[in-house]
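target34.cif follows; it contains mmCIF, C-alpha atoms; chains and numbers go by the auth columns.
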data_query
#
loop_
_atom_site.group_PDB
_atom_site.id
_atom_site.type_symbol
_atom_site.label_atom_id
_atom_site.label_comp_id
_atom_site.label_asym_id
_atom_site.label_seq_id
_atom_site.Cartn_x
_atom_site.Cartn_y
_atom_site.Cartn_z
_atom_site.B_iso_or_equiv
_atom_site.auth_seq_id
_atom_site.auth_asym_id
ATOM 1 C CA MET A 1 113.960 108.628 43.732 0.00 1 I
ATOM 2 C CA VAL A 2 114.334 107.326 47.278 0.00 2 I
ATOM 3 C CA ILE A 3 110.650 106.373 47.483 0.00 3 I
ATOM 4 C CA THR A 4 110.911 104.592 44.148 0.00 4 I
ATOM 5 C CA ARG A 5 113.965 102.638 45.295 0.00 5 I
ATOM 6 C CA LEU A 6 112.054 101.510 48.406 0.00 6 I
ATOM 7 C CA ASN A 7 109.065 100.410 46.318 0.00 7 I
ATOM 8 C CA LEU A 8 111.274 98.581 43.783 0.00 8 I
ATOM 9 C CA PRO A 9 114.098 97.087 45.871 0.00 9 I
ATOM 10 C CA GLY A 10 115.399 94.749 43.165 0.00 10 I
ATOM 11 C CA ALA A 11 115.512 97.336 40.373 0.00 11 I
ATOM 12 C CA SER A 12 118.807 98.786 39.227 0.00 12 I
ATOM 13 C CA GLY A 13 119.437 102.508 38.950 0.00 13 I
ATOM 14 C CA LYS A 14 119.475 102.226 35.172 0.00 14 I
ATOM 15 C CA LEU A 15 116.061 100.535 35.129 0.00 15 I
ATOM 16 C CA ILE A 16 114.544 103.138 37.463 0.00 16 I
ATOM 17 C CA LYS A 17 115.859 105.996 35.310 0.00 17 I
ATOM 18 C CA SER A 18 114.510 104.315 32.191 0.00 18 I
ATOM 19 C CA MET A 19 111.084 103.878 33.784 0.00 19 I
ATOM 20 C CA ALA A 20 111.096 107.527 34.923 0.00 20 I
ATOM 21 C CA ARG A 21 111.862 108.726 31.369 0.00 21 I
ATOM 22 C CA LYS A 22 108.987 106.640 29.993 0.00 22 I
ATOM 23 C CA GLY A 23 106.598 108.011 32.624 0.00 23 I
ATOM 24 C CA ASN A 24 105.965 104.667 34.336 0.00 24 I
ATOM 25 C CA ILE A 25 106.968 106.085 37.718 0.00 25 I
ATOM 26 C CA LYS A 26 105.006 108.873 39.325 0.00 26 I
ATOM 27 C CA LYS A 27 107.101 111.745 40.639 0.00 27 I
ATOM 28 C CA TYR A 28 106.059 113.582 43.794 0.00 28 I
ATOM 29 C CA THR A 29 107.010 117.143 44.655 0.00 29 I
ATOM 30 C CA GLY A 30 108.221 118.088 48.112 0.00 30 I
ATOM 31 C CA LYS A 31 104.989 120.009 48.655 0.00 31 I
ATOM 32 C CA GLN A 32 102.877 116.914 47.890 0.00 32 I
ATOM 33 C CA ILE A 33 104.909 114.785 50.290 0.00 33 I
ATOM 34 C CA THR A 34 104.712 117.417 53.037 0.00 34 I
ATOM 35 C CA HIS A 35 100.950 117.738 52.595 0.00 35 I
ATOM 36 C CA ALA A 36 100.439 113.952 52.716 0.00 36 I
ATOM 37 C CA PHE A 37 102.689 113.683 55.793 0.00 37 I
ATOM 38 C CA ARG A 38 100.736 116.392 57.625 0.00 38 I
ATOM 39 C CA LEU A 39 97.436 114.750 56.725 0.00 39 I
ATOM 40 C CA HIS A 40 98.579 111.353 58.030 0.00 40 I
ATOM 41 C CA LEU A 41 100.001 112.952 61.164 0.00 41 I
ATOM 42 C CA MET A 42 96.725 114.745 61.912 0.00 42 I
ATOM 43 C CA ASP A 43 94.794 111.488 61.362 0.00 43 I
ATOM 44 C CA ALA A 44 97.106 109.614 63.736 0.00 44 I
ATOM 45 C CA ILE A 45 96.824 112.308 66.421 0.00 45 I
ATOM 46 C CA GLY A 46 93.040 112.376 66.080 0.00 46 I
ATOM 47 C CA ALA A 47 92.814 108.591 66.346 0.00 47 I
ATOM 48 C CA SER A 48 95.060 108.489 69.420 0.00 48 I
ATOM 49 C CA MET A 49 93.037 111.252 71.086 0.00 49 I
ATOM 50 C CA SER A 50 89.846 109.328 70.352 0.00 50 I
ATOM 51 C CA VAL A 51 91.172 106.092 71.833 0.00 51 I
ATOM 52 C CA SER A 52 92.696 107.796 74.870 0.00 52 I
ATOM 53 C CA GLY A 53 89.459 109.711 75.492 0.00 53 I
ATOM 54 C CA SER A 54 87.438 106.511 75.322 0.00 54 I
ATOM 55 C CA ALA A 55 89.889 104.738 77.638 0.00 55 I
ATOM 56 C CA PHE A 56 89.829 107.626 80.118 0.00 56 I
ATOM 57 C CA ASN A 57 86.014 107.713 80.023 0.00 57 I
ATOM 58 C CA GLY A 58 85.827 103.990 80.746 0.00 58 I
ATOM 59 C CA THR A 59 84.332 102.935 77.428 0.00 59 I
ATOM 60 C CA ILE A 60 87.432 100.913 76.601 0.00 60 I
ATOM 61 C CA GLY A 61 88.682 98.664 79.374 0.00 61 I
ATOM 62 C CA THR A 62 91.434 96.660 77.742 0.00 62 I
ATOM 63 C CA ILE A 63 93.382 97.339 74.569 0.00 63 I
ATOM 64 C CA ALA A 64 95.044 94.586 72.550 0.00 64 I
ATOM 65 C CA ILE A 65 97.673 95.489 69.965 0.00 65 I
ATOM 66 C CA GLY A 66 98.630 93.081 67.207 0.00 66 I
ATOM 67 C CA ILE A 67 101.742 93.321 65.061 0.00 67 I
ATOM 68 C CA TYR A 68 101.724 91.419 61.809 0.00 68 I
ATOM 69 C CA GLU A 69 104.447 90.778 59.270 0.00 69 I
ATOM 70 C CA GLU A 70 103.776 90.000 55.643 0.00 70 I
ATOM 71 C CA LEU A 71 105.849 87.061 54.457 0.00 71 I
ATOM 72 C CA ALA A 72 106.867 86.655 50.845 0.00 72 I
ATOM 73 C CA ASP A 73 105.943 83.377 49.151 0.00 73 I
#

Can you give me the file's structure in the form of structure tokens?
Amino acid sequence: MVITRLNLPGASGKLIKSMARKGNIKKYTGKQITHAFRLHLMDAIGASMSVSGSAFNGTIGTIAIGIYEELAD
């Protein structure tokens, strides 16, 4: 329910429960969340090792990091 509340910030508890009963909201088990978390963590570690290896090797000289925020209309 916590993930659903984050995805639907303006929805009331009653509306979320109603949507869950109708099957409009997908429910995730703890095992599914743990598996997805591990997969994303391994991807992030692999990507950071790739970038750090390239930087150490001299392939990458300068790294620029951009942070963007999505603004609502």

From the options I:Ser52, I:Asn57, I:Thr4, I:Thr62, which residue's atoms come nearest to I:Tyr28, counting all atoms listed in the file?
I:Thr4

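Residues with any atom within 12 Å of I:Ile25, counting all atoms listed in the file and excluding same-chain neighbours fewer than 4 positions away, are Met1, Ile3, Thr4, Arg5, Asn7, Leu8, Leu15, Ile16, Lys17, Ser18, Met19, Ala20 and Arg21 of chain I.
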
So that all listed atoms of stretch 67-70 of chain I fit with 3 Å spare on each side, what axis-aligned box centre and edge lengths in Å, to one decimal, would you give as lines of an AutoDock Vina configuration file?
center_x = 103.1
center_y = 91.7
center_z = 60.4
size_x = 8.7
size_y = 9.3
size_z = 15.4

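Computed from the coordinates, the atom CA of I:Ile60 to atom CA of I:Leu39 distance equals 26.2 Å.
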
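The interatomic distance for the pair atom CA of I:Met49 and atom CA of I:Tyr68 works out to 23.6 Å.
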
Complete stretch 55-71 of chain I at the level of N, CA and C atoms, written as a JSON list (two decimals), keeping the file's coordinate frame.
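Done, and the output landed in part_33.json:
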[["chain", "number", "residue", "atom", "x", "y", "z"],
["I", 55, "ALA", "N", 89.29, 105.50, 76.53],
["I", 55, "ALA", "CA", 89.89, 104.74, 77.64],
["I", 55, "ALA", "C", 89.75, 105.50, 78.96],
["I", 56, "PHE", "N", 89.95, 106.80, 78.92],
["I", 56, "PHE", "CA", 89.83, 107.63, 80.12],
["I", 56, "PHE", "C", 88.39, 107.65, 80.61],
["I", 57, "ASN", "N", 87.43, 107.67, 79.70],
["I", 57, "ASN", "CA", 86.01, 107.71, 80.02],
["I", 57, "ASN", "C", 85.52, 106.37, 80.56],
["I", 58, "GLY", "N", 86.22, 105.31, 80.28],
["I", 58, "GLY", "CA", 85.83, 103.99, 80.75],
["I", 58, "GLY", "C", 85.14, 103.15, 79.69],
["I", 59, "THR", "N", 84.98, 103.68, 78.50],
["I", 59, "THR", "CA", 84.33, 102.94, 77.43],
["I", 59, "THR", "C", 85.20, 101.75, 77.01],
["I", 60, "ILE", "N", 86.50, 101.97, 76.95],
["I", 60, "ILE", "CA", 87.43, 100.91, 76.60],
["I", 60, "ILE", "C", 88.13, 100.46, 77.87],
["I", 61, "GLY", "N", 88.05, 99.18, 78.17],
["I", 61, "GLY", "CA", 88.68, 98.66, 79.37],
["I", 61, "GLY", "C", 90.07, 98.10, 79.10],
["I", 62, "THR", "N", 90.17, 97.31, 78.08],
["I", 62, "THR", "CA", 91.43, 96.66, 77.74],
["I", 62, "THR", "C", 91.73, 96.88, 76.26],
["I", 63, "ILE", "N", 92.98, 97.13, 75.96],
["I", 63, "ILE", "CA", 93.38, 97.34, 74.57],
["I", 63, "ILE", "C", 94.38, 96.25, 74.18],
["I", 64, "ALA", "N", 94.13, 95.60, 73.07],
["I", 64, "ALA", "CA", 95.04, 94.59, 72.55],
["I", 64, "ALA", "C", 95.66, 95.12, 71.27],
["I", 65, "ILE", "N", 96.96, 95.00, 71.14],
["I", 65, "ILE", "CA", 97.67, 95.49, 69.96],
["I", 65, "ILE", "C", 98.31, 94.29, 69.27],
["I", 66, "GLY", "N", 98.05, 94.17, 67.98],
["I", 66, "GLY", "CA", 98.63, 93.08, 67.21],
["I", 66, "GLY", "C", 99.62, 93.62, 66.19],
["I", 67, "ILE", "N", 100.74, 92.95, 66.05],
["I", 67, "ILE", "CA", 101.74, 93.32, 65.06],
["I", 67, "ILE", "C", 101.87, 92.15, 64.09],
["I", 68, "TYR", "N", 101.69, 92.45, 62.82],
["I", 68, "TYR", "CA", 101.72, 91.42, 61.81],
["I", 68, "TYR", "C", 102.83, 91.70, 60.80],
["I", 69, "GLU", "N", 103.40, 90.65, 60.29],
["I", 69, "GLU", "CA", 104.45, 90.78, 59.27],
["I", 69, "GLU", "C", 104.00, 90.02, 58.04],
["I", 70, "GLU", "N", 104.13, 90.65, 56.89],
["I", 70, "GLU", "CA", 103.78, 90.00, 55.64],
["I", 70, "GLU", "C", 104.98, 89.20, 55.16],
["I", 71, "LEU", "N", 104.78, 87.94, 54.92],
["I", 71, "LEU", "CA", 105.85, 87.06, 54.46],
["I", 71, "LEU", "C", 105.73, 86.83, 52.96]]
